[in-house]
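First the structure, in the form of structure tokens, and then the observations on it.
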Amino acid sequence: MRNKTFHLRDIILLALIAIIFGVIYYAAAFVYNGLTVLLTPVGYGPMANDITMGIWCMAGPLAGFILRLPGAAFLGEFLGAAVEMFLGDQWGAANLISGAVQGIATELGFTVTFYKLYNWLTVVLTSLFATLVTFGWDWFRNGYSHFAPHMLVIMLVVRFVSMLVFSGILIKLIVNMLVRAHVTKG
């Protein structure tokens with residue numbers, strides 16, 4: 001059984017994940033802005049957030065699946081958001097709060113499995129928790145409570161699909177490729 005503490009190698013890997021995904025998050029803001037512009041005339045502008053949310057939650061699951069340590073998913077997500085902030089994105093320091101919320105949400109998926117399962121069930125759990133927690137956060141932060149019930153259902157489903165595809169399936173496939181390449185242990 002592996003010691004459940006962070007070692008220098010783990011910290012360096014977390015930093016690399018944060019830097020890589022901080023840049024990806026920064027670039028995702030341009031996609032978000034483009035989608036907002038395209039969807040606003042038809043009344044679905046706020047859904048750009050839900051479509052892209054899975055992209056903004058990728059660092060946590062990757063860190064969790066690779067490091068397999070309590071807190072790794074939270075740190076990966078939070079540090080990725082910090083890098084995005086330091087790159088000068090449009091949300092500024094609010095990224096730190098969003099990164100913490102997203103990190104906690106992702107960490108919950110690993111917590112309910114007691115950090116023992118790293119399979120497709122964990123992919124679904126991390127995606128589900130990330131969807132529900134971040135949607136709850138947006139309920140207050142972005143005023144989702146003012147949308148019609150049918151719009152909320154659509155947004156929730158779209159967010160879950162985004163989470164499942166980007167921060168779930170895509171991350172699991174990346175981890176599986178890293179295991180096959182003997183970069184990390186499975």
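Letters A, B, ... go to the chains of the structure tokens in the order shown; residues in each chain start at 1; ligands are counted from 1 in the same order.
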
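The residue set within 10 Å of Thr184 of chain A, counting only C-alpha atoms and dropping same-chain residues fewer than 2 places from it, reads Phe65, Ile66, Leu67, Val175, Asn176, Met177, Leu178, Val179, Arg180, Ala181, His182 and Gly186 of chain A.
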
Using only C-alpha atoms, tabulate the residues of segment 122-171 of chain A lying at most 9 Å from any atom of segment 107-115 of chain A, each with its closest atom pair and that distance in Å to one decimal, by chain and increasing residue number, as JSON lines.
{"residue": "A:Thr122", "atom": "CA", "partner": "A:Gly109", "partner_atom": "CA", "distance": 6.3}
{"residue": "A:Val123", "atom": "CA", "partner": "A:Gly109", "partner_atom": "CA", "distance": 7.9}
{"residue": "A:Val124", "atom": "CA", "partner": "A:Gly109", "partner_atom": "CA", "distance": 8.2}
{"residue": "A:Leu125", "atom": "CA", "partner": "A:Gly109", "partner_atom": "CA", "distance": 4.8}
{"residue": "A:Thr126", "atom": "CA", "partner": "A:Gly109", "partner_atom": "CA", "distance": 4.0}
{"residue": "A:Ser127", "atom": "CA", "partner": "A:Gly109", "partner_atom": "CA", "distance": 7.6}
{"residue": "A:Leu128", "atom": "CA", "partner": "A:Gly109", "partner_atom": "CA", "distance": 7.8}
{"residue": "A:Phe129", "atom": "CA", "partner": "A:Gly109", "partner_atom": "CA", "distance": 6.1}
{"residue": "A:Ala130", "atom": "CA", "partner": "A:Gly109", "partner_atom": "CA", "distance": 8.0}

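Between atom CA of Phe74 of chain A and atom CA of Leu164 of chain A the separation is 17.8 Å.
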
Could you pull out all residues of segment 19-125 of chain A with a DSSP call of helix (DSSP H, G or I) and give them as a ChimeraX atom specification? /A:19-42,47-52,55-57,59-67,72-86,94-111,120-125

Contacts of Ala94 of chain A at 10 Å or less, counting only C-alpha atoms, minus same-chain residues fewer than 4 places along, as a count of residues only? 6

Per residue of segment 2-85 of chain A within 7 Å of segment 139-159 of chain A, note the shortest atom pair and the distance in Å to one decimal, counting only C-alpha atoms, and order the rows by chain and increasing residue number, as CSV.
residue,atom,partner,partner_atom,distance
A:Met47,CA,A:Met155,CA,6.0
A:Asp50,CA,A:Arg159,CA,4.5
A:Ile51,CA,A:Arg159,CA,5.9
A:Met53,CA,A:Arg159,CA,6.5

Store the residues picked out above, limited to N, CA, C and O atoms, as a JSON list (two decimals), in the first residue's frame.
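For reference, out28.json as written:
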[["chain", "number", "residue", "atom", "x", "y", "z"],
["A", 47, "MET", "N", -26.15, 29.04, -21.26],
["A", 47, "MET", "CA", -25.77, 27.63, -21.39],
["A", 47, "MET", "C", -24.33, 27.45, -21.82],
["A", 47, "MET", "O", -23.77, 26.37, -21.68],
["A", 50, "ASP", "N", -22.44, 25.96, -19.09],
["A", 50, "ASP", "CA", -22.67, 24.53, -18.87],
["A", 50, "ASP", "C", -21.98, 23.67, -19.93],
["A", 50, "ASP", "O", -21.48, 22.60, -19.63],
["A", 51, "ILE", "N", -21.94, 24.18, -21.15],
["A", 51, "ILE", "CA", -21.28, 23.44, -22.24],
["A", 51, "ILE", "C", -19.78, 23.33, -21.99],
["A", 51, "ILE", "O", -19.19, 22.29, -22.24],
["A", 53, "MET", "N", -18.22, 23.76, -18.95],
["A", 53, "MET", "CA", -17.84, 23.46, -17.57],
["A", 53, "MET", "C", -16.98, 22.20, -17.45],
["A", 53, "MET", "O", -16.07, 22.14, -16.61]]

Which segment 49-130 of chain A residues have any atom within 7 Å of an atom of segment 20-41 of chain A, and for each, what is the nearest pair of atoms with distance in Å to one decimal, counting only C-alpha atoms, rows sorted by chain and number, as a tab-separated table?
residue	atom	partner	partner_atom	distance
A:Asn49	CA	A:Tyr32	CA	6.6
A:Thr52	CA	A:Tyr32	CA	6.3
A:Trp56	CA	A:Tyr25	CA	5.7
A:Ala59	CA	A:Phe21	CA	6.0
A:Gly80	CA	A:Gly22	CA	4.5
A:Ala81	CA	A:Gly22	CA	6.0
A:Val83	CA	A:Gly22	CA	4.8
A:Glu84	CA	A:Gly22	CA	4.3
A:Asp89	CA	A:Tyr26	CA	6.0

Would you work out the distance separating atom CA of Ile19 of chain A from atom CA of Leu173 of chain A, expressed in Å to one decimal?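 Atom-to-atom, atom CA of Ile19 of chain A to atom CA of Leu173 of chain A, that is 20.3 Å.
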